[in-house]
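Shown next: coords_0.cif, given as mmCIF, C-alpha atoms.
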```cif
data_upload
#
loop_
_atom_site.label_atom_id
_atom_site.label_comp_id
_atom_site.auth_asym_id
_atom_site.auth_seq_id
_atom_site.Cartn_x
_atom_site.Cartn_y
_atom_site.Cartn_z
CA MET A 412 96.59 384.05 105.09
CA LYS A 413 96.47 384.85 108.79
CA TYR A 414 97.49 388.48 108.68
CA LEU A 415 96.24 391.58 106.87
CA LEU A 416 98.50 393.38 104.45
CA GLN A 417 97.93 396.31 102.16
CA LEU A 418 99.55 395.66 98.80
CA ALA A 419 100.43 398.93 97.15
CA LEU A 420 102.27 400.44 94.23
CA GLY A 421 103.93 403.81 94.51
CA LEU A 422 106.74 406.05 93.35
CA SER A 423 107.25 408.49 96.24
CA PHE A 424 107.39 407.55 99.92
CA LEU A 425 107.81 409.08 103.37
CA GLY A 426 109.99 407.88 106.20
CA ALA A 427 113.65 407.03 106.66
CA PRO A 428 114.74 404.01 104.61
CA ILE A 429 116.40 401.06 106.31
CA PHE A 430 118.40 399.23 103.66
CA ALA A 431 119.15 395.54 104.03
CA PRO A 432 122.01 394.17 101.92
CA GLY A 433 120.58 391.13 100.16
CA ALA A 434 117.26 389.53 101.07
CA ASP A 435 115.79 389.42 104.58
CA LEU A 436 112.76 387.80 106.18
CA ALA A 437 110.30 389.77 108.26
CA VAL A 438 109.01 387.21 110.77
CA LEU A 439 105.50 388.13 111.93
CA ARG A 440 104.07 387.40 115.35
CA ASN A 441 101.57 384.96 113.80
CA GLY A 442 104.42 382.84 112.40
CA PHE A 443 104.32 383.95 108.78
CA SER A 444 107.38 385.48 107.17
CA ILE A 445 107.79 387.86 104.24
CA ARG A 446 110.89 387.92 102.07
CA HIS A 447 111.97 391.44 101.08
CA GLU A 448 114.94 393.25 99.61
CA ARG A 449 114.75 396.31 101.86
CA ARG A 450 112.42 398.09 104.26
CA GLU A 451 111.54 401.44 105.78
CA VAL A 452 109.28 402.68 108.54
CA VAL A 453 106.35 404.81 107.39
CA GLY A 454 104.35 406.03 110.37
CA SER A 455 102.93 403.02 112.21
CA VAL A 456 103.77 400.53 109.45
CA THR A 457 106.94 399.00 108.08
CA ARG A 458 107.10 399.01 104.29
CA LEU A 459 108.71 395.86 102.88
CA TYR A 460 109.99 396.16 99.31
CA LEU A 461 109.56 392.83 97.54
CA GLY A 462 112.02 393.44 94.69
CA ALA A 463 115.06 395.45 93.76
CA ASP A 464 112.91 398.36 92.56
CA ARG A 465 110.67 400.59 94.70
CA ASP A 466 107.41 399.81 92.93
CA GLY A 467 106.24 396.64 94.67
CA PHE A 468 105.86 396.62 98.44
CA VAL A 469 103.62 395.52 101.30
CA ASP A 470 102.78 397.58 104.38
CA VAL A 471 102.78 395.63 107.65
CA PRO A 472 101.87 397.11 111.05
CA THR A 473 105.21 397.42 112.81
CA THR A 474 103.74 395.94 115.99
CA GLU A 475 102.94 392.74 114.08
CA ILE A 476 106.61 392.14 113.20
CA ASP A 477 108.48 389.98 115.70
CA ARG A 478 111.96 390.14 114.18
CA PHE A 479 114.04 390.23 111.01
CA GLU A 480 116.26 387.40 109.80
CA ARG A 481 118.58 386.78 106.89
CA ASP A 482 116.96 384.74 104.11
CA LEU A 483 119.10 381.62 103.75
CA SER A 484 116.68 379.66 101.57
CA VAL A 485 117.35 378.66 97.97
CA PRO A 486 116.57 381.56 95.56
CA LEU A 487 113.46 381.33 93.45
CA ALA A 488 114.01 379.76 90.06
CA ALA A 489 113.62 382.03 87.07
CA HIS A 490 110.31 381.73 85.28
CA GLY A 491 110.92 383.83 82.23
CA SER A 492 108.22 386.31 81.44
CA GLN A 493 105.22 384.07 82.18
CA PRO A 494 102.82 386.05 84.40
CA MET A 495 101.35 384.48 87.51
CA ASN A 496 97.86 384.23 86.02
CA GLU A 497 99.17 382.28 83.03
CA ALA A 498 101.02 379.87 85.31
CA ILE A 499 97.85 379.33 87.37
CA ASN A 500 95.76 378.83 84.23
CA ALA A 501 98.23 376.24 82.92
CA VAL A 502 98.41 374.17 86.11
CA SER A 503 94.63 374.39 86.61
CA SER A 504 94.08 373.11 83.08
CA ARG A 505 96.42 370.15 83.67
CA HIS A 506 94.47 369.12 86.77
CA HIS A 507 91.00 370.04 85.43
CA LEU A 508 90.22 372.64 88.07
CA ASP A 509 88.86 376.15 87.78
CA PRO A 510 91.74 378.66 87.96
CA ASP A 511 89.54 380.96 90.03
CA LEU A 512 89.48 378.28 92.72
CA ILE A 513 93.27 378.01 92.74
CA ASN A 514 93.52 381.80 92.89
CA SER A 515 91.19 381.85 95.90
CA VAL A 516 93.21 379.15 97.69
CA ILE A 517 96.49 381.00 97.07
CA HIS A 518 94.94 384.25 98.28
CA ALA A 519 93.86 382.60 101.54
CA GLU A 520 97.04 380.60 102.02
CA SER A 521 99.82 383.08 101.32
CA GLY A 522 98.40 386.26 99.82
CA PHE A 523 100.46 385.40 96.69
CA ASN A 524 103.72 385.58 98.65
CA PRO A 525 105.95 382.76 97.30
CA ARG A 526 108.19 383.07 100.37
CA ALA A 527 105.46 382.72 103.00
CA VAL A 528 106.24 380.34 105.86
CA SER A 529 103.62 379.51 108.50
CA SER A 530 104.26 378.88 112.19
CA LYS A 531 103.76 375.17 111.50
CA GLY A 532 106.30 375.15 108.67
CA ALA A 533 104.02 375.26 105.61
CA GLN A 534 105.84 376.88 102.71
CA GLY A 535 105.27 378.88 99.55
CA LEU A 536 102.28 380.06 97.56
CA MET A 537 99.99 377.15 98.45
CA GLN A 538 101.55 376.54 101.87
CA LEU A 539 102.76 372.96 101.48
CA MET A 540 104.02 371.12 104.55
CA PRO A 541 107.47 369.62 103.92
CA GLN A 542 106.25 366.02 104.16
CA THR A 543 103.34 366.72 101.80
CA ALA A 544 105.63 368.50 99.36
CA SER A 545 108.03 365.55 99.43
CA ARG A 546 105.22 363.07 98.72
CA LEU A 547 104.04 365.20 95.82
CA GLY A 548 107.54 365.37 94.35
CA VAL A 549 108.02 369.08 95.03
CA VAL A 550 111.78 369.66 95.22
CA ASN A 551 111.66 373.34 96.20
CA ALA A 552 108.45 374.58 97.84
CA PHE A 553 109.62 378.16 97.33
CA ASP A 554 109.76 377.68 93.57
CA ARG A 555 106.60 379.17 92.13
CA ASP A 556 105.85 376.54 89.51
CA ASP A 557 106.80 373.58 91.71
CA ASN A 558 104.58 374.86 94.50
CA LEU A 559 101.66 375.53 92.14
CA GLU A 560 101.96 372.06 90.65
CA GLY A 561 102.15 370.31 93.99
CA GLY A 562 99.41 372.31 95.69
CA THR A 563 96.99 372.04 92.77
CA ARG A 564 97.58 368.30 92.44
CA TYR A 565 97.04 367.85 96.17
CA LEU A 566 93.76 369.78 96.06
CA ARG A 567 92.63 367.64 93.12
CA GLU A 568 93.46 364.50 95.11
CA LEU A 569 91.39 365.75 98.03
CA LEU A 570 88.44 366.60 95.80
CA GLU A 571 88.48 363.09 94.38
CA ARG A 572 88.84 361.63 97.87
CA TYR A 573 85.70 363.43 99.06
CA ASN A 574 83.67 362.90 95.89
CA PHE A 575 84.20 366.53 94.83
CA ASP A 576 82.77 367.96 98.04
CA LEU A 577 84.64 371.27 97.91
CA ILE A 578 84.01 372.16 101.55
CA LYS A 579 85.46 368.89 102.83
CA ALA A 580 88.40 369.11 100.42
CA LEU A 581 89.26 372.63 101.59
CA ALA A 582 88.93 371.62 105.24
CA ALA A 583 91.29 368.71 104.61
CA TYR A 584 93.74 370.99 102.82
CA ASN A 585 93.85 373.18 105.92
CA ALA A 586 93.51 370.74 108.84
CA GLY A 587 94.45 367.44 107.24
CA PRO A 588 92.30 364.56 105.93
CA GLN A 589 92.49 362.72 109.25
CA ARG A 590 90.66 365.55 111.01
CA VAL A 591 87.93 365.72 108.38
CA GLU A 592 87.36 361.98 108.71
CA GLN A 593 87.49 362.17 112.51
CA TYR A 594 84.70 364.77 112.60
CA HIS A 595 82.90 363.57 109.43
CA GLY A 596 83.22 367.01 107.89
CA VAL A 597 84.75 370.38 108.73
CA PRO A 598 86.47 370.02 112.12
CA PRO A 599 85.36 372.34 114.95
CA TYR A 600 88.39 374.58 114.64
CA TYR A 601 87.77 378.29 114.20
CA GLU A 602 90.81 378.64 111.94
CA THR A 603 89.64 375.90 109.58
CA GLN A 604 86.03 377.09 109.52
CA ALA A 605 87.11 380.65 108.77
CA TYR A 606 89.56 379.40 106.13
CA VAL A 607 86.89 377.41 104.27
CA ALA A 608 84.38 380.26 104.48
CA ARG A 609 86.94 382.77 103.19
CA ILE A 610 87.79 380.70 100.12
CA ILE A 611 84.17 379.85 99.30
CA ARG A 612 83.20 383.52 99.63
CA ASP A 613 86.06 384.66 97.40
CA PHE A 614 85.40 381.96 94.82
CA ASN A 615 81.67 382.71 94.72
CA ARG A 616 82.42 386.41 94.28
CA LYS A 617 84.51 385.61 91.21
CA LYS A 618 81.79 383.38 89.74
CA LEU A 619 79.10 385.99 90.40
CA ALA A 620 81.19 388.62 88.61
CA GLU A 621 81.58 386.27 85.63
CA ARG A 622 77.84 385.67 85.47
CA LYS A 623 77.09 389.40 85.63
CA ALA A 624 79.57 390.05 82.84
CA ALA A 625 78.02 387.30 80.72
CA ALA A 626 74.52 388.60 81.40
CA SER A 627 75.54 392.13 80.40
CA LYS A 628 77.03 390.81 77.18
CA THR A 629 73.87 388.85 76.40
CA ALA A 630 71.68 391.87 77.14
CA ALA A 631 73.81 394.04 74.86
CA TYR A 632 73.49 391.46 72.07
CA GLN A 633 69.72 391.20 72.44
CA LYS A 634 69.40 394.97 72.40
CA SER A 635 71.36 395.34 69.20
CA PRO A 636 71.82 391.93 67.53
CA ALA A 637 72.91 393.41 64.22
CA LYS A 638 75.83 395.18 65.87
CA HIS A 639 77.07 391.92 67.39
CA ALA A 640 76.31 389.67 64.44
CA PRO A 641 79.38 387.66 63.29
CA THR A 642 80.92 388.45 59.94
CA ILE A 643 81.71 385.81 57.33
CA LYS A 644 85.27 385.54 58.63
CA GLN A 645 84.08 384.76 62.17
CA THR A 646 83.67 381.00 61.99
CA ALA A 647 84.65 379.97 65.53
CA LEU A 648 81.89 378.57 67.70
CA PRO A 649 81.39 380.10 71.18
CA VAL A 650 83.20 378.28 73.94
CA ALA A 651 81.04 376.87 76.75
CA ALA A 652 81.52 378.49 80.14
CA GLN A 653 83.65 376.44 82.51
CA GLN A 654 82.25 375.30 85.82
CA ALA A 655 83.94 375.19 89.20
CA SER A 656 85.36 371.74 88.37
CA ARG A 657 85.60 370.85 84.72
#
```
As structure tokens, the full file:
Amino acid sequence: MKYLLQLALGLSFLGAPIFAPGADLAVLRNGFSIRHERREVVGSVTRLYLGADRDGFVDVPTTEIDRFERDLSVPLAAHGSQPMNEAINAVSSRHHLDPDLINSVIHAESGFNPRAVSSKGAQGLMQLMPQTASRLGVVNAFDRDDNLEGGTRYLRELLERYNFDLIKALAAYNAGPQRVEQYHGVPPYYETQAYVARIIRDFNRKKLAERKAAASKTAAYQKSPAKHAPTIKQTALPVAAQQASR
């Protein structure tokens, strides 16, 4: 994601509200857009409310907003009560990828905004270009599950193409496979280099946290094995830890 936002939850706010009937798009100067139900100015930022309630919002520096437009895109399909993490876990399992990797890609691509649109026209959570989305069979790039399916499948294709070289696959996801092949690796574009580094750093942070948690659990068991000993009813074997690519 090319802009910085502060995601916040709150119940009481300052500033005069500016209500927008229906959904609008806040078009940022960097080309991204944020769908919101209403907005208000709070000091030097504009607070964009993402839903009908006042609990979920993002704060964007007002100077970074170029204009507001009506949202004329197709509404998001209903997804029941399945949380985002469960949807990511399911699609990652289907394509044999670590869900932490998909989370890191989404974080870098759209900041988990399913309505994000880049200056080049990439759409949705995993920022699919229209032609790529069409090839992948994605009917509506703004549909959460369709976008997750298409983006995860595309990343899997790129990993296979580059013999599971994650750095090359991420560079191709950002700049296109033709650029990776032209430069025999990450192309000399600051945006692509920063993009790859950001995802690798975020992914490694998640893996390091997992290892620390596992080490703490092991240390606690070794310190007091009797306390952690399984009972007769506990017959399940421990599940092996998953790697970055299963």
Among listed residues A:Asp556, A:Glu475, A:Glu448, A:Glu621, nearest Met495 (chain A) (using only C-alpha atoms):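 The closest residue to Met495 (chain A) is A:Asp556.
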Point-to-point distance in Å for CA of Ala586 (chain A) and CA of Pro598 (chain A): 7.8 Å
Coordinates-based distance that separates CA of Ser529 (chain A) from CA of Asn441 (chain A) (Å, one decimal):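 CA of Ser529 (chain A) lies 7.9 Å from CA of Asn441 (chain A).
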Residues matched by the PyMOL selection byres ((chain A and resi 454) around 10) as a PyMOL selection string: chain A and resi 425-426+451-453+455-458+472-473
Straight-line distance linking CA of Arg478 (chain A) with CA of Val438 (chain A), stated in Å to one decimal: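 That distance, rounded to one decimal, is 5.4 Å.
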Result set of the PyMOL selection byres ((chain A and resi 479) around 10) on the coordinates above, as number ranges by chain: A: 435-439, 444-446, 476-478, 480-482
Using C-alpha atoms, can you write the selected residues to a file as a CSV table (one decimal), in the coordinates of the input?
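Produced file part22.csv, reproduced below:
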```csv
chain,number,residue,atom,x,y,z
A,435,ASP,CA,115.8,389.4,104.6
A,436,LEU,CA,112.8,387.8,106.2
A,437,ALA,CA,110.3,389.8,108.3
A,438,VAL,CA,109.0,387.2,110.8
A,439,LEU,CA,105.5,388.1,111.9
A,444,SER,CA,107.4,385.5,107.2
A,445,ILE,CA,107.8,387.9,104.2
A,446,ARG,CA,110.9,387.9,102.1
A,476,ILE,CA,106.6,392.1,113.2
A,477,ASP,CA,108.5,390.0,115.7
A,478,ARG,CA,112.0,390.1,114.2
A,480,GLU,CA,116.3,387.4,109.8
A,481,ARG,CA,118.6,386.8,106.9
A,482,ASP,CA,117.0,384.7,104.1
```
Closest of A:Ala582, A:Leu461, A:Ala544, A:Ala625 to Leu570 (chain A) - atom-to-atom distances counting only C-alpha atoms: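 Comparing A:Ala582, A:Leu461, A:Ala544, A:Ala625 against Leu570 (chain A), the winner is A:Ala582.
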Need the shell around Asn558 (chain A): protein/DNA/RNA residues with any atom at most 12 Å away, counting all atoms listed in the file. Skip same-chain ones fewer than 3 positions apart. Format as a PDB file with C-alpha atoms, keeping the file's coordinate frame?
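Written file, out.pdb:
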```
ATOM      1  CA  LEU A 487     113.460 381.330  93.450  1.00  0.00           C
ATOM      2  CA  ALA A 488     114.010 379.760  90.060  1.00  0.00           C
ATOM      3  CA  ALA A 498     101.020 379.870  85.310  1.00  0.00           C
ATOM      4  CA  ILE A 499      97.850 379.330  87.370  1.00  0.00           C
ATOM      5  CA  VAL A 502      98.410 374.170  86.110  1.00  0.00           C
ATOM      6  CA  ILE A 513      93.270 378.010  92.740  1.00  0.00           C
ATOM      7  CA  ILE A 517      96.490 381.000  97.070  1.00  0.00           C
ATOM      8  CA  SER A 521      99.820 383.080 101.320  1.00  0.00           C
ATOM      9  CA  PHE A 523     100.460 385.400  96.690  1.00  0.00           C
ATOM     10  CA  ASN A 524     103.720 385.580  98.650  1.00  0.00           C
ATOM     11  CA  PRO A 525     105.950 382.760  97.300  1.00  0.00           C
ATOM     12  CA  ARG A 526     108.190 383.070 100.370  1.00  0.00           C
ATOM     13  CA  ALA A 527     105.460 382.720 103.000  1.00  0.00           C
ATOM     14  CA  ALA A 533     104.020 375.260 105.610  1.00  0.00           C
ATOM     15  CA  GLN A 534     105.840 376.880 102.710  1.00  0.00           C
ATOM     16  CA  GLY A 535     105.270 378.880  99.550  1.00  0.00           C
ATOM     17  CA  LEU A 536     102.280 380.060  97.560  1.00  0.00           C
ATOM     18  CA  MET A 537      99.990 377.150  98.450  1.00  0.00           C
ATOM     19  CA  GLN A 538     101.550 376.540 101.870  1.00  0.00           C
ATOM     20  CA  LEU A 539     102.760 372.960 101.480  1.00  0.00           C
ATOM     21  CA  MET A 540     104.020 371.120 104.550  1.00  0.00           C
ATOM     22  CA  PRO A 541     107.470 369.620 103.920  1.00  0.00           C
ATOM     23  CA  THR A 543     103.340 366.720 101.800  1.00  0.00           C
ATOM     24  CA  ALA A 544     105.630 368.500  99.360  1.00  0.00           C
ATOM     25  CA  SER A 545     108.030 365.550  99.430  1.00  0.00           C
ATOM     26  CA  LEU A 547     104.040 365.200  95.820  1.00  0.00           C
ATOM     27  CA  GLY A 548     107.540 365.370  94.350  1.00  0.00           C
ATOM     28  CA  VAL A 549     108.020 369.080  95.030  1.00  0.00           C
ATOM     29  CA  VAL A 550     111.780 369.660  95.220  1.00  0.00           C
ATOM     30  CA  ASN A 551     111.660 373.340  96.200  1.00  0.00           C
ATOM     31  CA  ALA A 552     108.450 374.580  97.840  1.00  0.00           C
ATOM     32  CA  PHE A 553     109.620 378.160  97.330  1.00  0.00           C
ATOM     33  CA  ASP A 554     109.760 377.680  93.570  1.00  0.00           C
ATOM     34  CA  ARG A 555     106.600 379.170  92.130  1.00  0.00           C
ATOM     35  CA  GLY A 561     102.150 370.310  93.990  1.00  0.00           C
ATOM     36  CA  GLY A 562      99.410 372.310  95.690  1.00  0.00           C
ATOM     37  CA  THR A 563      96.990 372.040  92.770  1.00  0.00           C
ATOM     38  CA  ARG A 564      97.580 368.300  92.440  1.00  0.00           C
ATOM     39  CA  TYR A 565      97.040 367.850  96.170  1.00  0.00           C
TER      40      TYR A 565
END
```
With the cut-off set at 7 Å and counting all atoms listed in the file, tabulate each residue of region 499-554 of chain A with an atom at most that distance from an atom of region 610-614 of chain A, showing the nearest atom pair and its distance in Å to one decimal, ordered by chain and increasing number, as CSV.
```
residue,atom,partner,partner_atom,distance
A:Asp511,CA,A:Phe614,CA,6.4
A:Leu512,CA,A:Phe614,CA,5.9
A:Ser515,CA,A:Ile610,CA,5.5
A:Val516,CA,A:Ile610,CA,6.1
A:Ala519,CA,A:Ile610,CA,6.5
```
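The result of the PyMOL selection byres ((chain A and resi 606) around 9) on the shown file is A:Met412, A:Ala519, A:Glu520, A:Leu581, A:Ala582, A:Asn585, A:Tyr601, A:Glu602, A:Thr603, A:Gln604, A:Ala605, A:Val607, A:Ala608, A:Arg609, A:Ile610, A:Ile611.
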